[in-house]
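The structure file entry-v4.csv is reproduced below (CSV, C-alpha atoms).
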```csv
chain,number,residue,atom,x,y,z
A,15,MET,CA,95.2,142.0,-89.8
A,16,LEU,CA,91.5,142.7,-89.8
A,17,GLN,CA,89.8,141.0,-92.7
A,18,ILE,CA,86.9,142.2,-94.7
A,19,ARG,CA,83.8,139.9,-94.3
A,20,PRO,CA,81.2,139.9,-97.0
A,21,LEU,CA,78.4,142.2,-95.8
A,22,LEU,CA,75.8,140.3,-97.9
A,23,SER,CA,74.2,137.1,-96.8
A,24,GLY,CA,70.9,136.7,-98.5
A,25,PRO,CA,68.9,137.3,-101.7
A,26,GLU,CA,68.5,141.0,-100.7
A,27,ALA,CA,72.3,141.4,-101.2
A,28,ALA,CA,73.5,144.4,-103.0
A,29,SER,CA,77.0,145.7,-103.9
A,30,VAL,CA,79.2,147.2,-101.3
A,31,ALA,CA,82.2,147.8,-103.5
A,32,GLY,CA,83.2,148.3,-107.1
A,33,ALA,CA,86.4,146.7,-107.5
A,34,ASP,CA,84.3,145.6,-105.7
A,35,ALA,CA,86.4,144.3,-104.0
A,36,ILE,CA,87.4,142.1,-102.7
A,37,PRO,CA,89.9,141.2,-100.6
A,38,GLN,CA,86.8,141.9,-98.7
A,39,ALA,CA,86.5,138.3,-99.1
A,40,ALA,CA,88.7,137.5,-96.2
A,41,ALA,CA,86.3,136.6,-93.4
A,42,SER,CA,86.7,137.9,-89.9
A,43,ARG,CA,86.5,135.3,-87.1
A,44,GLU,CA,87.1,137.8,-84.3
A,45,SER,CA,84.2,136.3,-82.3
A,46,GLY,CA,85.8,132.9,-82.1
A,47,THR,CA,83.0,131.2,-83.9
A,48,SER,CA,82.7,129.9,-87.5
A,49,VAL,CA,79.7,129.9,-89.8
A,50,HIS,CA,81.2,127.2,-92.0
A,51,ALA,CA,80.8,123.5,-91.9
A,52,ALA,CA,83.9,121.6,-90.8
A,53,SER,CA,84.3,120.0,-94.3
A,54,PRO,CA,83.9,122.6,-97.0
A,55,ASN,CA,81.8,121.6,-100.0
A,56,LEU,CA,84.5,122.2,-102.6
A,57,LEU,CA,82.2,121.7,-105.6
A,58,LYS,CA,79.7,124.4,-104.4
A,59,LEU,CA,82.6,126.6,-103.3
A,60,ALA,CA,84.2,126.3,-106.7
A,61,LEU,CA,80.9,127.2,-108.4
A,62,TRP,CA,80.3,130.2,-106.3
A,63,MET,CA,83.8,131.4,-106.7
A,64,SER,CA,83.5,130.9,-110.5
A,65,GLY,CA,80.6,133.3,-110.4
A,66,THR,CA,82.6,135.8,-108.3
A,67,LEU,CA,85.6,135.7,-110.6
A,68,THR,CA,83.4,136.0,-113.7
A,69,ALA,CA,81.5,139.0,-112.3
A,70,PHE,CA,84.8,140.8,-111.4
A,71,ILE,CA,86.0,140.3,-114.9
A,72,VAL,CA,82.7,141.4,-116.4
A,73,ALA,CA,82.8,144.6,-114.4
A,74,ALA,CA,86.3,145.4,-115.6
A,75,LEU,CA,85.6,144.6,-119.2
A,76,SER,CA,82.4,146.7,-119.1
A,77,VAL,CA,84.4,149.7,-117.9
A,78,ARG,CA,86.9,149.3,-120.8
A,79,ALA,CA,84.0,148.9,-123.3
A,80,LEU,CA,82.4,152.2,-122.1
A,81,GLN,CA,85.5,154.3,-121.5
A,82,ASP,CA,85.5,156.0,-124.9
A,83,THR,CA,81.8,156.9,-124.6
A,84,ILE,CA,81.1,157.9,-121.1
A,85,ASN,CA,83.3,158.9,-118.1
A,86,ALA,CA,83.8,157.2,-114.7
A,87,PHE,CA,81.1,159.4,-113.0
A,88,GLU,CA,78.6,158.5,-115.7
A,89,MET,CA,79.4,154.8,-115.4
A,90,MET,CA,78.8,155.0,-111.7
A,91,THR,CA,75.5,156.9,-112.3
A,92,ILE,CA,74.3,153.9,-114.3
A,93,ARG,CA,75.5,151.6,-111.5
A,94,SER,CA,73.7,153.5,-108.7
A,95,ALA,CA,70.5,153.9,-110.8
A,96,GLY,CA,70.6,150.2,-111.6
A,97,GLY,CA,71.2,149.3,-108.0
A,98,LEU,CA,68.1,151.3,-106.9
A,99,VAL,CA,66.0,149.6,-109.5
A,100,ILE,CA,67.1,146.2,-108.4
A,101,LEU,CA,66.7,147.0,-104.7
A,102,CYS,CA,63.2,148.4,-105.3
A,103,ALA,CA,62.3,145.3,-107.2
A,104,LEU,CA,63.5,143.2,-104.3
A,105,GLY,CA,61.5,145.4,-101.9
A,106,ALA,CA,58.4,144.8,-104.0
A,107,LEU,CA,59.0,141.0,-103.9
A,108,ARG,CA,59.7,141.1,-100.1
A,109,PRO,CA,57.9,144.1,-98.6
A,110,SER,CA,59.3,143.2,-95.1
A,111,LEU,CA,62.7,144.5,-96.3
A,112,TRP,CA,61.4,148.1,-96.1
A,113,SER,CA,60.7,147.8,-92.3
A,114,GLY,CA,64.5,148.0,-91.7
A,115,VAL,CA,65.0,151.2,-93.7
A,116,ARG,CA,65.1,154.3,-91.4
A,117,ARG,CA,66.9,157.6,-91.1
A,118,HIS,CA,69.3,156.5,-88.4
A,119,ARG,CA,73.0,157.2,-87.9
A,120,MET,CA,73.0,159.3,-91.1
A,121,SER,CA,76.4,160.9,-90.5
A,122,LEU,CA,78.0,157.4,-90.4
A,123,GLN,CA,76.0,156.4,-93.5
A,124,GLY,CA,77.3,159.6,-95.2
A,125,LEU,CA,80.9,158.9,-94.2
A,126,ARG,CA,80.7,155.3,-95.5
A,127,ASN,CA,79.0,156.3,-98.8
A,128,VAL,CA,81.3,159.2,-99.6
A,129,ALA,CA,84.4,157.0,-99.0
A,130,HIS,CA,82.9,154.2,-101.0
A,131,PHE,CA,81.9,156.6,-103.8
A,132,GLY,CA,85.6,157.8,-104.0
A,133,SER,CA,86.8,154.2,-104.1
A,134,GLN,CA,84.5,153.4,-107.0
A,135,ILE,CA,85.7,156.4,-109.0
A,136,CYS,CA,89.3,155.5,-108.3
A,137,TRP,CA,88.8,151.9,-109.3
A,138,THR,CA,87.0,152.8,-112.5
A,139,VAL,CA,89.6,155.4,-113.5
A,140,ALA,CA,92.4,152.9,-112.7
A,141,ILE,CA,90.8,150.3,-115.0
A,142,THR,CA,90.9,152.8,-117.9
A,143,MET,CA,94.6,153.8,-117.3
A,144,LEU,CA,96.4,150.6,-116.0
A,145,PRO,CA,96.7,147.0,-117.1
A,146,PHE,CA,93.9,144.9,-115.7
A,147,ALA,CA,96.2,142.7,-113.7
A,148,THR,CA,97.9,145.7,-111.9
A,149,VAL,CA,94.5,147.0,-110.7
A,150,PHE,CA,93.3,143.6,-109.5
A,151,ALA,CA,96.6,142.9,-107.7
A,152,LEU,CA,96.5,146.3,-105.9
A,153,GLU,CA,92.9,145.5,-104.7
A,154,PHE,CA,94.4,142.9,-102.4
A,155,THR,CA,95.9,145.7,-100.3
A,156,ILE,CA,92.5,146.6,-98.9
A,157,PRO,CA,92.8,144.3,-95.8
A,158,ALA,CA,96.2,145.9,-95.0
A,159,TRP,CA,94.6,149.3,-95.1
A,160,VAL,CA,91.8,148.1,-92.8
A,161,THR,CA,94.3,146.8,-90.3
A,162,LEU,CA,96.4,150.0,-90.3
A,163,LEU,CA,93.3,152.2,-89.9
A,164,ALA,CA,92.0,150.0,-87.1
A,165,VAL,CA,95.3,150.1,-85.2
A,166,LEU,CA,95.7,153.9,-85.6
A,167,PHE,CA,92.1,155.0,-84.9
A,168,LEU,CA,90.1,152.1,-83.3
A,169,GLY,CA,92.5,150.7,-80.6
A,170,GLU,CA,93.4,147.5,-82.3
A,171,ARG,CA,96.6,145.8,-81.2
A,172,MET,CA,99.4,145.5,-83.7
A,173,SER,CA,100.5,141.8,-83.1
A,174,THR,CA,103.6,140.3,-84.6
A,175,SER,CA,101.6,138.3,-87.2
A,176,ARG,CA,99.7,141.5,-88.2
A,177,ALA,CA,103.0,143.4,-88.5
A,178,LEU,CA,104.5,140.7,-90.6
A,179,ALA,CA,101.4,140.6,-92.8
A,180,LEU,CA,101.5,144.3,-93.3
A,181,ALA,CA,105.2,144.1,-94.2
A,182,LEU,CA,104.5,141.5,-96.8
A,183,CYS,CA,101.7,143.7,-98.3
A,184,VAL,CA,104.0,146.7,-98.4
A,185,ALA,CA,106.7,144.7,-100.1
A,186,GLY,CA,104.2,143.4,-102.6
A,187,VAL,CA,103.1,147.0,-103.5
A,188,VAL,CA,106.7,148.1,-103.9
A,189,VAL,CA,107.4,145.1,-106.2
A,190,ILE,CA,104.3,146.0,-108.3
A,191,LEU,CA,104.9,149.8,-108.5
A,192,ARG,CA,108.8,149.7,-108.6
A,193,PRO,CA,109.1,153.4,-107.7
A,194,GLY,CA,112.1,155.1,-109.3
A,195,HIS,CA,112.1,152.5,-112.1
A,196,GLU,CA,111.2,153.4,-115.7
A,197,ALA,CA,108.3,151.0,-115.5
A,198,PHE,CA,106.7,152.9,-112.6
A,199,GLN,CA,103.1,154.0,-113.4
A,200,SER,CA,101.9,156.9,-111.3
A,201,ALA,CA,98.3,156.0,-112.1
A,202,ALA,CA,98.8,153.0,-109.8
A,203,LEU,CA,98.7,155.5,-106.9
A,204,ILE,CA,95.0,156.2,-107.8
A,205,MET,CA,94.2,152.5,-107.1
A,206,LEU,CA,96.0,152.6,-103.8
A,207,VAL,CA,94.0,155.7,-102.8
A,208,GLY,CA,90.9,153.8,-103.9
A,209,ALA,CA,91.9,150.8,-101.7
A,210,LEU,CA,92.4,153.2,-98.7
A,211,LEU,CA,89.0,154.8,-99.3
A,212,PHE,CA,87.3,151.3,-99.5
A,213,ALA,CA,89.0,150.4,-96.2
A,214,ILE,CA,87.4,153.5,-94.6
A,215,ALA,CA,84.1,152.4,-96.0
A,216,ALA,CA,84.6,148.9,-94.6
A,217,ILE,CA,85.2,150.1,-91.1
A,218,ALA,CA,82.1,152.4,-91.3
A,219,THR,CA,80.1,149.4,-92.5
A,220,LYS,CA,81.3,147.4,-89.5
A,221,LYS,CA,79.8,150.0,-87.2
A,222,LEU,CA,76.5,150.2,-89.2
A,223,ILE,CA,75.8,146.5,-89.4
A,224,THR,CA,75.3,146.4,-85.6
A,225,THR,CA,72.1,148.3,-85.9
A,226,GLU,CA,71.2,148.6,-89.6
A,227,THR,CA,70.0,146.0,-92.1
A,228,THR,CA,71.9,145.1,-95.3
A,229,PHE,CA,69.0,146.3,-97.4
A,230,SER,CA,68.9,149.7,-95.6
A,231,ILE,CA,72.7,150.2,-95.9
A,232,MET,CA,72.6,149.4,-99.7
A,233,LEU,CA,69.5,151.6,-100.3
A,234,TRP,CA,71.1,154.6,-98.6
A,235,MET,CA,74.4,153.9,-100.5
A,236,ASN,CA,72.7,154.2,-103.9
A,237,LEU,CA,70.5,157.1,-102.9
A,238,MET,CA,73.5,159.1,-101.6
A,239,GLN,CA,75.9,158.2,-104.4
A,240,LEU,CA,73.5,158.8,-107.3
A,241,PRO,CA,73.5,162.6,-106.9
A,242,LEU,CA,77.3,162.6,-106.2
A,243,ASN,CA,77.8,161.0,-109.6
A,244,PHE,CA,75.9,163.8,-111.2
A,245,VAL,CA,78.7,166.2,-110.2
A,246,GLY,CA,81.0,164.8,-112.8
A,247,SER,CA,78.4,163.7,-115.4
A,248,ASP,CA,77.1,165.4,-118.5
A,249,PRO,CA,73.3,165.7,-118.1
A,250,ALA,CA,72.9,164.5,-121.6
A,251,PHE,CA,75.3,161.6,-121.4
A,252,ILE,CA,72.5,159.0,-121.8
A,253,PHE,CA,72.1,160.2,-125.4
A,254,LYS,CA,75.7,159.1,-126.2
A,255,ILE,CA,74.8,155.5,-125.5
A,256,ASP,CA,73.5,153.3,-128.3
A,257,ALA,CA,72.2,149.8,-128.6
A,258,SER,CA,75.7,148.4,-129.2
A,259,LEU,CA,76.7,149.2,-125.6
A,260,ALA,CA,73.8,147.3,-124.1
A,261,LEU,CA,75.9,144.4,-122.7
A,262,PRO,CA,78.5,146.5,-120.9
A,263,LEU,CA,75.7,148.7,-119.5
A,264,ILE,CA,74.1,145.6,-118.0
A,265,GLY,CA,77.5,144.5,-116.8
A,266,ILE,CA,78.1,147.8,-115.0
A,267,ALA,CA,74.6,147.8,-113.4
A,268,SER,CA,74.6,144.2,-112.2
A,269,ALA,CA,78.2,142.9,-111.7
A,270,GLY,CA,78.6,144.4,-108.2
A,271,LEU,CA,75.4,142.6,-107.0
A,272,VAL,CA,76.6,139.3,-108.5
A,273,ILE,CA,80.1,139.6,-107.0
A,274,HIS,CA,78.8,140.0,-103.5
A,275,TYR,CA,76.0,137.5,-103.7
A,276,CYS,CA,78.4,134.8,-105.0
A,277,LEU,CA,81.1,135.8,-102.6
A,278,ALA,CA,78.8,135.6,-99.6
A,279,ASN,CA,77.7,132.2,-100.7
A,280,ALA,CA,81.2,131.0,-101.3
A,281,PHE,CA,82.0,131.7,-97.6
A,282,ARG,CA,79.2,129.4,-96.6
A,283,TYR,CA,81.1,126.5,-98.2
A,284,GLY,CA,84.7,127.2,-97.5
A,285,ASP,CA,87.0,129.0,-95.0
A,286,ALA,CA,89.0,132.1,-95.8
A,287,MET,CA,92.1,130.0,-96.1
A,288,VAL,CA,90.5,128.4,-99.1
A,289,VAL,CA,88.5,131.3,-100.6
A,290,VAL,CA,91.4,133.8,-100.7
A,291,PRO,CA,93.7,131.7,-102.9
A,292,MET,CA,90.8,131.0,-105.2
A,293,ASP,CA,90.0,134.8,-105.3
A,294,PHE,CA,93.7,135.3,-106.3
A,295,LEU,CA,93.0,133.4,-109.5
A,296,ARG,CA,91.4,136.5,-111.0
A,297,VAL,CA,94.8,138.1,-111.3
A,298,PRO,CA,96.2,135.6,-113.9
A,299,LEU,CA,92.8,135.3,-115.5
A,300,ILE,CA,92.4,139.0,-116.1
A,301,ALA,CA,96.1,139.2,-117.2
A,302,LEU,CA,95.4,136.5,-119.8
A,303,ILE,CA,92.3,138.4,-121.1
A,304,GLY,CA,94.3,141.7,-121.2
A,305,TRP,CA,97.1,140.0,-123.1
A,306,THR,CA,94.8,138.2,-125.6
A,307,PHE,CA,92.3,141.0,-126.4
A,308,TYR,CA,94.0,144.3,-125.4
A,309,GLY,CA,97.7,143.6,-126.0
A,310,GLU,CA,98.6,144.1,-122.4
A,311,HIS,CA,102.1,143.0,-121.4
A,312,ILE,CA,102.2,140.2,-118.8
A,313,ASP,CA,104.3,141.6,-116.1
A,314,VAL,CA,106.1,139.1,-113.9
A,315,PHE,CA,106.5,141.8,-111.2
A,316,VAL,CA,102.8,142.2,-110.9
A,317,PHE,CA,102.4,138.5,-110.2
A,318,ALA,CA,105.3,138.5,-107.8
A,319,GLY,CA,103.9,141.5,-105.9
A,320,ALA,CA,100.4,140.1,-105.8
A,321,GLY,CA,101.8,136.8,-104.5
A,322,LEU,CA,103.5,138.7,-101.6
A,323,ILE,CA,100.3,140.6,-100.8
A,324,VAL,CA,98.2,137.4,-100.7
A,325,ALA,CA,100.8,135.7,-98.7
A,326,GLY,CA,100.5,138.5,-96.1
A,327,VAL,CA,96.7,138.0,-96.0
A,328,LEU,CA,97.0,134.3,-95.6
A,329,TRP,CA,99.7,134.6,-92.9
A,330,ASN,CA,97.4,136.9,-90.9
A,331,LEU,CA,94.5,134.5,-91.3
A,332,ARG,CA,96.7,131.8,-89.9
A,333,GLY,CA,97.7,134.0,-87.0
A,334,GLU,CA,94.0,135.0,-86.3
A,335,ALA,CA,93.0,131.3,-86.3
A,336,GLN,CA,95.7,130.5,-83.8
A,337,ARG,CA,94.6,133.4,-81.5
A,338,ARG,CA,91.0,132.4,-81.7
A,339,PRO,CA,91.0,129.8,-78.9
A,340,ARG,CA,92.8,132.3,-76.6
A,341,ARG,CA,90.3,135.0,-77.3
A,342,ALA,CA,87.4,132.7,-76.4
A,343,THR,CA,88.9,132.4,-72.9
A,344,GLU,CA,89.9,136.1,-72.4
A,345,PRO,CA,87.8,138.2,-70.1
A,346,ALA,CA,85.7,140.6,-72.1
A,347,ALA,CA,87.3,143.6,-70.5
A,348,ILE,CA,90.7,142.9,-72.0
A,349,ARG,CA,89.7,141.9,-75.5
A,350,PRO,CA,90.4,144.4,-78.3
A,351,ALA,CA,88.0,147.3,-78.2
A,352,ALA,CA,87.1,147.2,-81.8
A,353,GLN,CA,87.5,144.7,-84.6
A,354,PRO,CA,86.5,146.3,-87.8
A,355,ALA,CA,85.5,144.1,-90.7
A,356,GLU,CA,82.9,144.2,-93.4
```

Written form, structure tokens:
Amino acid sequence: MLQIRPLLSGPEAASVAGADAIPQAAASRESGTSVHAASPNLLKLALWMSGTLTAFIVAALSVRALQDTINAFEMMTIRSAGGLVILCALGALRPSLWSGVRRHRMSLQGLRNVAHFGSQICWTVAITMLPFATVFALEFTIPAWVTLLAVLFLGERMSTSRALALALCVAGVVVILRPGHEAFQSAALIMLVGALLFAIAAIATKKLITTETTFSIMLWMNLMQLPLNFVGSDPAFIFKIDASLALPLIGIASAGLVIHYCLANAFRYGDAMVVVPMDFLRVPLIALIGWTFYGEHIDVFVFAGAGLIVAGVLWNLRGEAQRRPRRATEPAAIRPAAQPAE
């Protein structure tokens, strides 16, 4: 299964996903090399992952706090505008960043940003309709979608370990959704569509990072998505907001940046086999918050399904690690033609 590598690697990092995703946290090692030290610094890893988990939770709580005042498009308008402000501030501090911004491969930029825009709207709407834990658990299906799309459209090989990992992910989704059961929530399908759209954005990102800088990709993302958000926004929505909503507004504007900056740094100090289980902690954490402050029922099936999905991701990571030495000795001509990751 192709994993989603954090796109961001420096102080110029900006958000690539709202639910932001994650699962994108599973680092690809397709090249046979590792950027991590042999012995992960667990203390630093724990600190960076704490930042990641906190930012994910802040993003979700911010959406809930704003849902009765503004809609999903308006929330994402604030996010895109906030992203542009932050990127421009970074550009002012480091003028060299602007040298990488160019009008190049715009059709691919457009595909990525439209897909990513759709994924953000789906995630935001899902947060307003579903228990927190259900949304967070279904986010972990993103690597499975990336793998499936890569096999269908990019010539990747469906190995036994990848097939088993996909089967575990599908089983996890079925356990969470329980189709045909009275507990089935059709709104969960919105989050699955969002995960699929993010997977498309992830594959497009893989193509873009071969020629484009992170700063350029993030700048074009916010520039393209800002007018798209206007389509579903009330032009006067800003007047609905009062000072009491200042904290969730800051959360919406900044959480995505914090998620990816912390996640990128977490991968500097630990391998995916360590980071993914730590990332999974946000499911019980957000479930506890939902139960304590929102009266959400703690559903054992959500935990069981999320466990199956994460098991699939970890199984695939194990399989990729075992294949890595073989790939290093394969002639270039017979290696997989494409290995999407973000």

Could the residues of segment 68-177 of chain A that have an atom at most 9 Å from segment 301-317 of chain A be listed as JSON lines, each with its closest atom pair and the distance in Å to one decimal, counting all atoms listed in the file and ordered by chain and ascending residue number?
```
{"residue": "A:Pro145", "atom": "CA", "partner": "A:Glu310", "partner_atom": "CA", "distance": 6.3}
{"residue": "A:Phe146", "atom": "CA", "partner": "A:Ala301", "partner_atom": "CA", "distance": 6.3}
{"residue": "A:Ala147", "atom": "CA", "partner": "A:Ala301", "partner_atom": "CA", "distance": 5.0}
{"residue": "A:Thr148", "atom": "CA", "partner": "A:Val316", "partner_atom": "CA", "distance": 6.1}
{"residue": "A:Ala151", "atom": "CA", "partner": "A:Val316", "partner_atom": "CA", "distance": 7.0}
```

For Leu180 of chain A, which residue among A:Leu168, A:Ile135, A:Ala213, A:Val160 is the nearest when counting all atoms listed in the file?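 Of all the options, A:Val160 lies closest to Leu180 of chain A.
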
Just the residues within 9 Å of Asn55 of chain A, please, counting all atoms listed in the file, with nothing from its chain fewer than 3 positions along; format it as JSON, numbers by chain. {"A": [51, 58, 59, 60, 282, 283, 284]}

File dump, residues just selected, C-alpha atoms, as a short mmCIF file (atom, residue, chain, number, x, y, z; two decimals), in the coordinates of the input:
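In the end it all went to part07.cif:
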```cif
data_model
loop_
_atom_site.label_atom_id
_atom_site.label_comp_id
_atom_site.auth_asym_id
_atom_site.auth_seq_id
_atom_site.Cartn_x
_atom_site.Cartn_y
_atom_site.Cartn_z
CA ALA A 51 80.80 123.50 -91.90
CA LYS A 58 79.70 124.40 -104.40
CA LEU A 59 82.60 126.60 -103.30
CA ALA A 60 84.20 126.30 -106.70
CA ARG A 282 79.20 129.40 -96.60
CA TYR A 283 81.10 126.50 -98.20
CA GLY A 284 84.70 127.20 -97.50
#
```

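Between atom CA of Ile71 of chain A and atom CA of Phe294 of chain A the separation is 12.6 Å.
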
Using only C-alpha atoms, can you tell me which of A:Ala201, A:Leu163, A:Met238, A:Leu271 comes closest to Val128 of chain A? A:Met238

Using only C-alpha atoms, pick whichever of A:Phe281, A:Trp329, A:Trp234, A:Phe251 has the shortest atom-to-atom distance to Val115 of chain A.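 Checking each candidate against Val115 of chain A, we get A:Trp234 as the closest.
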
Could you give me, as number ranges by chain, the residues within 12 Å of Ala129 of chain A, counting only C-alpha atoms and dropping anything in the same chain fewer than 3 positions from it? A: 30-32, 122-126, 132-136, 207-219, 235, 238-239, 242

Take atom CA of Ser94 of chain A and atom CA of Ile223 of chain A and report the distance between them in Å, one decimal.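 Distance between the two atoms: 20.6 Å.
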
Can you work out the spacing between atom CA of Leu101 of chain A and atom CA of Asp248 of chain A in Å, to one decimal? 25.2 Å

Val72 of chain A surroundings by all atoms listed in the file, 9 Å radius, close-in-sequence under 2 positions cut, as a short mmCIF file (atom, residue, chain, number, x, y, z; two decimals) with C-alpha atoms, in the frame of the given file:
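Okay, this is what ended up in selection23.cif:
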```cif
data_model
loop_
_atom_site.label_atom_id
_atom_site.label_comp_id
_atom_site.auth_asym_id
_atom_site.auth_seq_id
_atom_site.Cartn_x
_atom_site.Cartn_y
_atom_site.Cartn_z
CA LEU A 67 85.60 135.70 -110.60
CA THR A 68 83.40 136.00 -113.70
CA ALA A 69 81.50 139.00 -112.30
CA PHE A 70 84.80 140.80 -111.40
CA ALA A 74 86.30 145.40 -115.60
CA LEU A 75 85.60 144.60 -119.20
CA SER A 76 82.40 146.70 -119.10
CA VAL A 77 84.40 149.70 -117.90
CA PRO A 262 78.50 146.50 -120.90
CA GLY A 265 77.50 144.50 -116.80
CA ILE A 266 78.10 147.80 -115.00
CA ALA A 269 78.20 142.90 -111.70
#
```

Identify, on the basis of all atoms listed in the file, every residue whose closest approach to Ile323 of chain A does not exceed 7 Å; exclude the query and any residue fewer than 6 positions from it along the same chain; express the result as a list in words.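 Once the nearby chain positions are removed, what remains is Phe154, Thr155, Leu182, Cys183 and Gly186 of chain A.
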
Restricting the calculation to all atoms listed in the file, which member of A:Met232, A:Ile264, A:Ala257, A:Leu328 is positioned closest to Asp285 of chain A?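 Going through A:Met232, A:Ile264, A:Ala257, A:Leu328 one by one, the smallest distance to Asp285 of chain A is for A:Leu328.
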
Residues proximal to (68.6, 150.1, -95.2) were defined as those with any atom within 12 Å of that point in the file's coordinates, counting all atoms listed in the file. Which are they, as a PyMOL selection string? chain A and resi 26-28+98+101-102+105+110-120+123+219+222-223+225-237

Counting all atoms listed in the file, the residue of A:Ala320, A:Ala164, A:Leu104, A:Leu144 that sits nearest Val189 of chain A: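 Checking each candidate against Val189 of chain A, we get A:Ala320 as the closest.
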
Would you kindly place N, CA and C atoms on segment 140-157 of chain A and return the model as a PDB file, keeping the file's coordinate frame?
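Just written: selection_24.pdb:
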```pdb
ATOM      1  N   ALA A 140      91.221 153.785-112.658  1.00  0.00           N
ATOM      2  CA  ALA A 140      92.400 152.900-112.700  1.00  0.00           C
ATOM      3  C   ALA A 140      92.242 151.875-113.837  1.00  0.00           C
ATOM      4  N   ILE A 141      91.043 151.317-113.986  1.00  0.00           N
ATOM      5  CA  ILE A 141      90.800 150.300-115.000  1.00  0.00           C
ATOM      6  C   ILE A 141      91.038 150.913-116.421  1.00  0.00           C
ATOM      7  N   THR A 142      90.746 152.208-116.590  1.00  0.00           N
ATOM      8  CA  THR A 142      90.900 152.800-117.900  1.00  0.00           C
ATOM      9  C   THR A 142      92.377 153.237-118.164  1.00  0.00           C
ATOM     10  N   MET A 143      93.221 153.267-117.128  1.00  0.00           N
ATOM     11  CA  MET A 143      94.600 153.800-117.300  1.00  0.00           C
ATOM     12  C   MET A 143      95.676 152.718-117.096  1.00  0.00           C
ATOM     13  N   LEU A 144      95.357 151.628-116.414  1.00  0.00           N
ATOM     14  CA  LEU A 144      96.400 150.600-116.000  1.00  0.00           C
ATOM     15  C   LEU A 144      96.019 149.275-116.634  1.00  0.00           C
ATOM     16  N   PRO A 145      97.006 148.383-116.753  1.00  0.00           N
ATOM     17  CA  PRO A 145      96.700 147.000-117.100  1.00  0.00           C
ATOM     18  C   PRO A 145      95.732 146.390-116.104  1.00  0.00           C
ATOM     19  N   PHE A 146      94.846 145.546-116.568  1.00  0.00           N
ATOM     20  CA  PHE A 146      93.900 144.900-115.700  1.00  0.00           C
ATOM     21  C   PHE A 146      94.552 144.252-114.473  1.00  0.00           C
ATOM     22  N   ALA A 147      95.623 143.490-114.744  1.00  0.00           N
ATOM     23  CA  ALA A 147      96.200 142.700-113.700  1.00  0.00           C
ATOM     24  C   ALA A 147      96.803 143.593-112.571  1.00  0.00           C
ATOM     25  N   THR A 148      97.317 144.771-112.934  1.00  0.00           N
ATOM     26  CA  THR A 148      97.900 145.700-111.900  1.00  0.00           C
ATOM     27  C   THR A 148      96.759 146.166-110.991  1.00  0.00           C
ATOM     28  N   VAL A 149      95.605 146.531-111.556  1.00  0.00           N
ATOM     29  CA  VAL A 149      94.500 147.000-110.700  1.00  0.00           C
ATOM     30  C   VAL A 149      94.013 145.885-109.804  1.00  0.00           C
ATOM     31  N   PHE A 150      93.823 144.692-110.344  1.00  0.00           N
ATOM     32  CA  PHE A 150      93.300 143.600-109.500  1.00  0.00           C
ATOM     33  C   PHE A 150      94.314 143.216-108.429  1.00  0.00           C
ATOM     34  N   ALA A 151      95.610 143.269-108.750  1.00  0.00           N
ATOM     35  CA  ALA A 151      96.600 142.900-107.700  1.00  0.00           C
ATOM     36  C   ALA A 151      96.603 143.948-106.595  1.00  0.00           C
ATOM     37  N   LEU A 152      96.491 145.234-106.926  1.00  0.00           N
ATOM     38  CA  LEU A 152      96.500 146.300-105.900  1.00  0.00           C
ATOM     39  C   LEU A 152      95.241 146.246-105.039  1.00  0.00           C
ATOM     40  N   GLU A 153      94.147 145.677-105.552  1.00  0.00           N
ATOM     41  CA  GLU A 153      92.900 145.500-104.700  1.00  0.00           C
ATOM     42  C   GLU A 153      93.195 144.701-103.480  1.00  0.00           C
ATOM     43  N   PHE A 154      94.134 143.776-103.567  1.00  0.00           N
ATOM     44  CA  PHE A 154      94.400 142.900-102.400  1.00  0.00           C
ATOM     45  C   PHE A 154      95.054 143.623-101.265  1.00  0.00           C
ATOM     46  N   THR A 155      95.362 144.914-101.425  1.00  0.00           N
ATOM     47  CA  THR A 155      95.900 145.700-100.300  1.00  0.00           C
ATOM     48  C   THR A 155      94.825 146.174 -99.350  1.00  0.00           C
ATOM     49  N   ILE A 156      93.560 146.020 -99.713  1.00  0.00           N
ATOM     50  CA  ILE A 156      92.500 146.600 -98.900  1.00  0.00           C
ATOM     51  C   ILE A 156      92.523 146.038 -97.449  1.00  0.00           C
ATOM     52  N   PRO A 157      92.708 144.719 -97.214  1.00  0.00           N
ATOM     53  CA  PRO A 157      92.800 144.300 -95.800  1.00  0.00           C
ATOM     54  C   PRO A 157      93.922 144.903 -95.033  1.00  0.00           C
TER      55      PRO A 157
END
```
